2 protein chains.
Amino acid sequence: MNTTVRSALPAGDGRRLDSIHDLFTGSMRERELPKRYDVLRPDDAHQSAYMLLTGYASRYRLMSDGRRLITTILVPGDVCDFGFLTNSRVRRPVATLTPCRIGEISCNPLPDSASWPGLAAALLRRMQRDDVIADERMLTLGRRNAVEALAHLFCELRERLSAVKLATADSFALTIAQDDMGDTLGVTSVHINRSLKVLRETGLITLEHGTLTIHDRAALERLAHFDPAYLRDEQD
Amino acid sequence: MNTTVRSALPAGDGRRLDSIHDLFTGSMRERELPKRYDVLRPDDAHQSAYMLLTGYASRYRLMSDGRRLITTILVPGDVCDFGFLTNSRVRRPVATLTPCRIGEISCNPLPDSASWPGLAAALLRRMQRDDVIADERMLTLGRRNAVEALAHLFCELRERLSAVKLATADSFALTIAQDDMGDTLGVTSVHINRSLKVLRETGLITLEHGTLTIHDRAALERLAHFDPAYLRDEQD
DNA sequence: GGCGTGCCCTAACTTAGATCAATACCGTTC
DNA sequence: GAACGGTATTGATCTAAGTTAGGGCACGCC
């Protein structure tokens with residue numbers, strides 16, 4: 001159906017499409033993007049589907065007076081936006097936070113959801129996972145203080161990066177600027193800096209040369225009220 | 001597919017299923033629920049799909065120490081949760097904020113998405129609409145002050161209720177408690193009360209006997225940085 | 001080498017919103 | 001009609017975070 005996913009794959013292609021990985025690998029074009037590059041601009045048509053391959057990117061919202069909020073931090077393996085599934089215009093801008101590599105597939109010869117139920121289910125699960133991540137972020141924005149917020153962000157990123165083999169039990173590359181962390185957690189970069197100092201002085205973490213090291217993960221998770229359950233892909 | 005939507009409708013049913021309305025009307029069972037009733041409890045299986053018919057309900061998140069955030073306010077016509085589309089457990093609790101009437105349809109003989117592409121597309125559009133509403137709420141939580149937040153909430157509710165003929169150009173029934181507004185906007189009910197007073201004293205609104213009246217909608221929208229575009233169902 | 005630019009870090013002061021506490025105002029129920 | 005539970009309202013005080021304004025360091029560029 002043209003409102004969900006367009007025409008079917010060229011017949012005889014023979015590929016299995018049961019996961020998002022299947023969808024991208026093979027047909028995707030890779031691009032290197034600099035820091036602060038706009039991947040999706042509001043009101044543009046969704047021409048392609050994008051997957052982040054390396055680096056950090058963000059979905060964000062701007063206010064007319066310059067206030068900004070990063071609504072989602074994207075890590076490698078994440079689909080930049082699911083708007084390509086409907087024939088809509090871009091509603092949420094997406095931009096890189098660091099230099100990135102992204103994979104792009106054209107929207108036009110997109111496989112039909114009906115003939116690839118496994119893919120449709122995988123897309124649905126991903127969308128719902130994004131939703132619970134968003135809910136958790138809302139809880140942070142509305143009810144956690146800055147130190148808890150930062151702790152929670154670190155726990156969440158570690159967990160998500162760990163799922164794609166980019167984090168160990170206690171460390172990962174964190175190259176996001178403090179300004180961007182501020183816009184993610186709804187505070188100023190000055191206050192991010194202060195809160196970072198608290199976490200450092202409590203001995204919970206160190207952050208240097210773009211690497212975050214967690215010294216006491218249990219304590220950090222307790223401080224953040226972090227429960228990894230919401231990130232687990234329950235494939236029951 | 002059992003991970004997306006289960007078995008097909010009994011053959012020969014003959015109904016068209018091109019909208020969410022089609023899905024519910026006919027096969028749904030109606031229930032009257034009191035205020036503060038749990039519609040969906042975390043970790044339960046999704047047995048049914050629910051649509052709110054009258055009243056206000058909420059998706060929310062709790063922290064172990066009692067802090068709460070309402071992540072979504074549901075108005076009549078809204079689907080309580082889309083988790084029923086996958087065979088997952090309830091991840092986000094849903095509860096009524098006022099006495100409500102809801103429509104319930106069993107998950108088991110749910111129509112197959114493949115045979116009802118119009119329905120699948122409608123569901124997808126609804127989910128994406130919820131996402132942009134969530135993003136806008138995040139902007140509120142992270143970057144708007146309490147008066148702006150309240151103004152924005154009122155503008156958004158008016159717009160959404162207006163789409164289902166439950167609001168006029170300048171008024172609608174607002175029976176949500178100040179406590180719940182606080183948990184929606186990430187502030188205390190005391191501060192909601194004070195911000196409400198500001199809006200009243202500025203002459204922008206009155207709120208009495210459960211009815212909100214907007215006296216200067218343009219001014220309220222300007223104050224809130226409200227742009228109704230994100231709510232419009234662009235059916236291009 | 002000097003200079004700009006983008007981050008990081010810190011301090012001093014201000015403010016939005018939290019907390020605590022008291023009173024008022026319902027609509028129910030006995 | 002009294003008693004009660006839930007909600008709204010307001011005041012006084014406190015605090016987390018904002019604002020403003022620096023200085024520092026690393027980098028790429030002319």
# chains A, B, ... in the order shown; residues from 1 in each chain; ligands from 1
call {"tool": "interface_residues", "arguments": {"of": "chain B", "to": "chain D", "cutoff": "9 Å", "atoms": "only C-alpha atoms (C1' of nucleotides)", "output": "list in words"}}
result
Ala177, Gln178, Asp179, Val190, Asn193 and Arg194 of chain B
call {"tool": "interface_residues", "arguments": {"of": "chain C", "to": "chain A", "cutoff": "9 Å", "atoms": "only C-alpha atoms (C1' of nucleotides)", "output": "PyMOL selection string"}}
result
chain C and resi 7-10
call {"tool": "atom_distance", "arguments": {"atom1": "CA of Ala95 (chain A)", "atom2": "CA of Arg59 (chain A)"}}
result
6.6 Å
call {"tool": "residues_around", "arguments": {"residues": "Gly26 (chain B)", "least_positions_apart": "4", "cutoff": "12 Å", "atoms": "only C-alpha atoms (C1' of nucleotides)", "output": "list in words"}}
result
Asp13, Arg15, Arg16, Leu17, Ile20, His21, Asp22, Glu30, Gly103, Glu104 and Ile105 of chain B
call {"tool": "write_last_selection", "arguments": {"atoms": "C-alpha atoms", "output": "PDB file, in the first residue's frame"}}
result
ATOM      1  CA  ASP B  13     -17.238 -10.982   7.709  1.00  0.00           C
ATOM      2  CA  ARG B  15     -16.601  -5.345   6.985  1.00  0.00           C
ATOM      3  CA  ARG B  16     -14.185  -2.864   5.561  1.00  0.00           C
ATOM      4  CA  LEU B  17     -11.283  -2.054   7.808  1.00  0.00           C
ATOM      5  CA  ILE B  20      -9.187   2.661  13.550  1.00  0.00           C
ATOM      6  CA  HIS B  21     -12.817   3.604  13.873  1.00  0.00           C
ATOM      7  CA  ASP B  22     -13.718   0.671  11.612  1.00  0.00           C
ATOM      8  CA  GLU B  30     -18.052  -0.837  26.201  1.00  0.00           C
ATOM      9  CA  GLY B 103     -14.175   0.456  24.145  1.00  0.00           C
ATOM     10  CA  GLU B 104     -12.440  -2.907  24.238  1.00  0.00           C
ATOM     11  CA  ILE B 105     -11.814  -5.411  21.486  1.00  0.00           C
TER      12      ILE B 105
END
call {"tool": "select_by_dssp", "arguments": {"residues": "region 46-184 of chain A", "states": "strand (DSSP E)", "output": "ChimeraX atom specification"}}
result
/A:48-54,57-62,68-74,94-96,100-106,171-173
call {"tool": "write_last_selection", "arguments": {"atoms": "C-alpha atoms", "output": "PDB file, in the first residue's frame"}}
result
ATOM      1  CA  SER A  48      15.212   7.586   2.072  1.00  0.00           C
ATOM      2  CA  ALA A  49      15.428   5.510   5.188  1.00  0.00           C
ATOM      3  CA  TYR A  50      18.565   6.080   7.239  1.00  0.00           C
ATOM      4  CA  MET A  51      20.397   3.960   9.734  1.00  0.00           C
ATOM      5  CA  LEU A  52      23.162   5.339  11.903  1.00  0.00           C
ATOM      6  CA  LEU A  53      26.305   3.213  11.533  1.00  0.00           C
ATOM      7  CA  THR A  54      28.908   5.047  13.628  1.00  0.00           C
ATOM      8  CA  ALA A  57      23.138  11.622  16.188  1.00  0.00           C
ATOM      9  CA  SER A  58      19.951  13.162  17.516  1.00  0.00           C
ATOM     10  CA  ARG A  59      16.322  13.823  16.885  1.00  0.00           C
ATOM     11  CA  TYR A  60      15.596  17.296  18.183  1.00  0.00           C
ATOM     12  CA  ARG A  61      13.107  20.138  18.425  1.00  0.00           C
ATOM     13  CA  LEU A  62      13.709  23.861  18.174  1.00  0.00           C
ATOM     14  CA  ARG A  68      16.430  23.454  21.769  1.00  0.00           C
ATOM     15  CA  LEU A  69      15.709  20.011  23.093  1.00  0.00           C
ATOM     16  CA  ILE A  70      17.256  16.785  21.894  1.00  0.00           C
ATOM     17  CA  THR A  71      14.420  14.298  22.136  1.00  0.00           C
ATOM     18  CA  THR A  72      16.361  11.177  21.159  1.00  0.00           C
ATOM     19  CA  ILE A  73      20.007  10.293  21.107  1.00  0.00           C
ATOM     20  CA  LEU A  74      20.691   7.882  18.272  1.00  0.00           C
ATOM     21  CA  VAL A  94      17.631  14.698  12.766  1.00  0.00           C
ATOM     22  CA  ALA A  95      21.224  15.911  12.981  1.00  0.00           C
ATOM     23  CA  THR A  96      24.614  14.430  13.797  1.00  0.00           C
ATOM     24  CA  CYS A 100      28.958   9.936  11.638  1.00  0.00           C
ATOM     25  CA  ARG A 101      28.660   7.240   9.064  1.00  0.00           C
ATOM     26  CA  ILE A 102      25.113   6.498   8.001  1.00  0.00           C
ATOM     27  CA  GLY A 103      23.479   3.959   5.708  1.00  0.00           C
ATOM     28  CA  GLU A 104      20.812   5.132   3.295  1.00  0.00           C
ATOM     29  CA  ILE A 105      18.278   3.148   1.308  1.00  0.00           C
ATOM     30  CA  SER A 106      15.910   4.685  -1.156  1.00  0.00           C
ATOM     31  CA  SER A 171      33.108   1.979  29.653  1.00  0.00           C
ATOM     32  CA  PHE A 172      32.318   3.405  26.238  1.00  0.00           C
ATOM     33  CA  ALA A 173      33.164   6.303  23.935  1.00  0.00           C
TER      34      ALA A 173
END
call {"tool": "select_by_dssp", "arguments": {"residues": "region 19-91 of chain A", "states": "alpha helix (DSSP H)", "output": "PyMOL selection string"}}
result
chain A and resi 20-24
call {"tool": "atom_distance", "arguments": {"atom1": "CA of Leu212 (chain B)", "atom2": "CA of Ala169 (chain B)"}}
result
11.4 Å
call {"tool": "closest_residue", "arguments": {"among": "B:Ser115, B:Ser19, B:Thr213, B:Ser27", "to": "chain A", "atoms": "only C-alpha atoms"}}
result
B:Ser115
call {"tool": "residues_around", "arguments": {"residues": "region 220-225 of chain A", "least_positions_apart": "6", "cutoff": "9 Å", "atoms": "only C-alpha atoms (C1' of nucleotides)", "output": "PyMOL selection string"}}
result
(chain A and resi 144+147-155+199+204-205+214) or (chain B and resi 63-64)
call {"tool": "closest_residue", "arguments": {"among": "A:Glu156, A:Asp216, A:Asp38, A:Asp43", "to": "chain B", "atoms": "only C-alpha atoms"}}
result
A:Asp43
call {"tool": "closest_residue", "arguments": {"among": "B:His215, B:Arg126, B:Arg67, B:Arg36", "to": "chain A", "atoms": "only C-alpha atoms"}}
result
B:Arg67
call {"tool": "closest_residue", "arguments": {"among": "B:Leu174, B:Ala121, B:Ile133, B:Thr211", "to": "chain A", "atoms": "only C-alpha atoms"}}
result
B:Ala121
call {"tool": "atom_distance", "arguments": {"atom1": "CA of Pro42 (chain B)", "atom2": "CA of Phe84 (chain B)"}}
result
13.0 Å
